[in-house]
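Heads up: the structure comes next, in structure tokens.
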Amino acid sequence: MSEIVLILFFSLVGLITGFFDSLVGAGGLFSIPSLVFLGLPPQTAIATDRFGVIGQAIVAVIKFWKAKKIVWKFVPFLVVLALIGSYIGANFLLNTDPKNLSKIIAIIIFVLLPLVFLKNDFGIKHFVINKKKAVVGLLSYFVIMVFAGFSGQGTGPMVFYTLTFFFGLTMIESLGTGLVPWLVLSVSSTIIFGLNGIIDYKVGAVLFVTMSIGSYAGAHIAIKKGDIWIKRLFVVLVVVMGLKLLIFH
């Protein structure tokens with residue numbers, strides 16, 4: 001396969017990944033297997049994808065910030081947990097195979113899916129939370145961030161569940177608020193990957209640019225369509241992602 005054709009394929013991967021990452025945080029389930037298929041070793045694929053995600057996250061954060069869809073009071077706590085979790089998870093990646101953990105994430109995603117249907121206004125309207133629930137939510141978020149630093153596949157829906165159920169946010173707010181610590185996690189884990197020499201920077205540069213473009217389009221559609229539309233899309237993609245992790249990973 002010629003270099004130009006490869007660049008075109010990597011660009012397509014970046015565009016699709018950035019688009020869906022900014023809609024429901026599901027891009028990693030497409031990008032990482034695609035990068036492996038195109039010839040990158042699994043560890044390099046995860047690390048290079050994370051490099052590209054930095055561009056995607058920067059663009060999406062700016063877009064949701066301007067739309068006032070980021071709940072900043074939760075951000076400092078989430079950022080600290082993302083930093084610690086990414087450090088632990090990124091170091092796991094250097095010595096561990098993420099496949100088994102991906103299947104565990106898939107099972108959890110399916111188990112929690114009925115939560116979306118228990119209340120019609122789940123993820124659509126705010127609801128009051130107590131301190132005990134918030135603490136459980138922070139602990140849950142930390143565990144998710146460890147796996148996100150390690151692989152990231154399937155963690156987007158888990159963040160959605162956590163921020164809507166434990167912190168009472170709407171779907172769009174969960175998406176926007178979760179992007180800030182995700183940006184921090186991406187930067188910190190990329191530094192660890194880079195220091196260990198497992199990033200393909202040539203492919204990473206292509207992904208950085210194309211993920212940013214896809215991210216802008218995805219964030220724009222998410223904000224324009226609203227919470228109900230995102231909730232419906234979320235349910236469809238969670239089923240697809242869960243099956244992919246269980247059967248085809």
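Naming scheme: A, B, ... for chains in displayed order of the structure tokens; residues 1 onward per chain; ligands 1 onward as shown.
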Could you give me, as JSON lines, every range 157-249 of chain A residue with an atom at most 12 Å from range 58-75 of chain A, plus its closest atom pair and distance in Å to one decimal, counting only C-alpha atoms, rows ordered by chain then number?
{"residue": "A:Leu163", "atom": "CA", "partner": "A:Phe74", "partner_atom": "CA", "distance": 9.6}
{"residue": "A:Thr164", "atom": "CA", "partner": "A:Val71", "partner_atom": "CA", "distance": 11.8}
{"residue": "A:Phe166", "atom": "CA", "partner": "A:Phe74", "partner_atom": "CA", "distance": 11.5}
{"residue": "A:Phe167", "atom": "CA", "partner": "A:Phe74", "partner_atom": "CA", "distance": 8.6}
{"residue": "A:Gly168", "atom": "CA", "partner": "A:Val71", "partner_atom": "CA", "distance": 10.8}
{"residue": "A:Leu169", "atom": "CA", "partner": "A:Val71", "partner_atom": "CA", "distance": 8.3}
{"residue": "A:Thr170", "atom": "CA", "partner": "A:Lys69", "partner_atom": "CA", "distance": 9.3}
{"residue": "A:Met171", "atom": "CA", "partner": "A:Lys69", "partner_atom": "CA", "distance": 9.8}
{"residue": "A:Ile172", "atom": "CA", "partner": "A:Lys69", "partner_atom": "CA", "distance": 6.6}
{"residue": "A:Glu173", "atom": "CA", "partner": "A:Lys69", "partner_atom": "CA", "distance": 5.0}
{"residue": "A:Ser174", "atom": "CA", "partner": "A:Ile70", "partner_atom": "CA", "distance": 7.8}
{"residue": "A:Leu175", "atom": "CA", "partner": "A:Ile70", "partner_atom": "CA", "distance": 8.2}
{"residue": "A:Gly176", "atom": "CA", "partner": "A:Ile70", "partner_atom": "CA", "distance": 5.0}
{"residue": "A:Thr177", "atom": "CA", "partner": "A:Ile70", "partner_atom": "CA", "distance": 4.5}
{"residue": "A:Gly178", "atom": "CA", "partner": "A:Val75", "partner_atom": "CA", "distance": 8.0}
{"residue": "A:Leu179", "atom": "CA", "partner": "A:Val61", "partner_atom": "CA", "distance": 6.1}
{"residue": "A:Val180", "atom": "CA", "partner": "A:Val61", "partner_atom": "CA", "distance": 6.3}
{"residue": "A:Pro181", "atom": "CA", "partner": "A:Val75", "partner_atom": "CA", "distance": 7.0}
{"residue": "A:Trp182", "atom": "CA", "partner": "A:Val61", "partner_atom": "CA", "distance": 9.7}
{"residue": "A:Leu183", "atom": "CA", "partner": "A:Ile58", "partner_atom": "CA", "distance": 6.8}
{"residue": "A:Val184", "atom": "CA", "partner": "A:Ile58", "partner_atom": "CA", "distance": 9.8}
{"residue": "A:Ser186", "atom": "CA", "partner": "A:Ile58", "partner_atom": "CA", "distance": 10.3}
{"residue": "A:Val187", "atom": "CA", "partner": "A:Ile58", "partner_atom": "CA", "distance": 10.5}
{"residue": "A:Phe208", "atom": "CA", "partner": "A:Ile58", "partner_atom": "CA", "distance": 10.2}
{"residue": "A:Val209", "atom": "CA", "partner": "A:Val59", "partner_atom": "CA", "distance": 10.4}
{"residue": "A:Thr210", "atom": "CA", "partner": "A:Val59", "partner_atom": "CA", "distance": 11.2}
{"residue": "A:Met211", "atom": "CA", "partner": "A:Val59", "partner_atom": "CA", "distance": 9.1}
{"residue": "A:Ser212", "atom": "CA", "partner": "A:Val59", "partner_atom": "CA", "distance": 6.0}
{"residue": "A:Ile213", "atom": "CA", "partner": "A:Val59", "partner_atom": "CA", "distance": 8.2}
{"residue": "A:Gly214", "atom": "CA", "partner": "A:Val59", "partner_atom": "CA", "distance": 9.4}
{"residue": "A:Ser215", "atom": "CA", "partner": "A:Ala60", "partner_atom": "CA", "distance": 5.9}
{"residue": "A:Tyr216", "atom": "CA", "partner": "A:Val59", "partner_atom": "CA", "distance": 6.1}
{"residue": "A:Ala217", "atom": "CA", "partner": "A:Ala60", "partner_atom": "CA", "distance": 9.2}
{"residue": "A:Gly218", "atom": "CA", "partner": "A:Ala60", "partner_atom": "CA", "distance": 8.3}
{"residue": "A:Ala219", "atom": "CA", "partner": "A:Ala60", "partner_atom": "CA", "distance": 5.9}
{"residue": "A:His220", "atom": "CA", "partner": "A:Lys63", "partner_atom": "CA", "distance": 7.4}
{"residue": "A:Ile221", "atom": "CA", "partner": "A:Lys63", "partner_atom": "CA", "distance": 10.8}
{"residue": "A:Ala222", "atom": "CA", "partner": "A:Phe64", "partner_atom": "CA", "distance": 9.4}
{"residue": "A:Ile223", "atom": "CA", "partner": "A:Ala67", "partner_atom": "CA", "distance": 7.5}
{"residue": "A:Lys224", "atom": "CA", "partner": "A:Ala67", "partner_atom": "CA", "distance": 9.9}
{"residue": "A:Gly226", "atom": "CA", "partner": "A:Lys69", "partner_atom": "CA", "distance": 10.9}
{"residue": "A:Asp227", "atom": "CA", "partner": "A:Lys69", "partner_atom": "CA", "distance": 11.1}
May I have a table of the residues of range 3-47 of chain A lying at most 12 Å from range 131-152 of chain A, giving each one's closest pair of atoms and their distance in Å to one decimal, counting only C-alpha atoms, ordered by chain and ascending residue number, as a tab-separated table?
residue	atom	partner	partner_atom	distance
A:Asp21	CA	A:Gly152	CA	11.2
A:Gly25	CA	A:Gly152	CA	9.7
A:Ala26	CA	A:Gly152	CA	9.2
A:Gly27	CA	A:Gly152	CA	9.3
A:Gly28	CA	A:Gly152	CA	6.4
A:Leu29	CA	A:Gly152	CA	8.3
A:Phe30	CA	A:Gly152	CA	11.3
A:Ser31	CA	A:Gly152	CA	10.8
A:Ile32	CA	A:Ser151	CA	9.1
A:Pro33	CA	A:Ser151	CA	11.6
A:Pro42	CA	A:Ser151	CA	10.0
A:Gln43	CA	A:Ser151	CA	8.9
A:Thr44	CA	A:Ser151	CA	11.1
A:Ala45	CA	A:Ser151	CA	9.9
A:Ile46	CA	A:Ser151	CA	6.4
A:Ala47	CA	A:Ser151	CA	8.6
Could you check which of A:Val159, A:Ala82, A:Ile198, A:Ala205 is closest to Val53 in chain A, using only C-alpha atoms?
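So, comparing all the options, the nearest one is A:Ala205.
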Looking only at alpha helix (DSSP H) from DSSP on the backbone, list the matching residues of range 137-212 of chain A as a ChimeraX atom specification.
/A:137-150,155-165,171-195,201-212
Give me the residues within 8 Å of Ser189 in chain A as a PyMOL selection string, counting only C-alpha atoms and dropping any in the same chain fewer than 5 places off.
chain A and resi 50+86-87+90+149
Include C-alpha atoms and write out the residues we just selected as a compact mmCIF listing (two decimals), in the first residue's frame.
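Dumped everything to out-v9.txt:
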# COMPACT_ATOMS: atom_id res chain seq x y z
CA ARG A 50 -4.06 9.28 22.21
CA SER A 86 -4.01 8.23 33.43
CA TYR A 87 -0.62 7.80 35.09
CA ALA A 90 -0.67 4.43 30.93
CA GLY A 149 -5.30 5.82 30.53
From the set A:Leu207, A:Leu78, A:Met158, A:Leu195, which residue has the shortest atom-to-atom contact distance to Val24 in chain A, counting only C-alpha atoms?
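So, comparing all the options, the nearest one is A:Met158.
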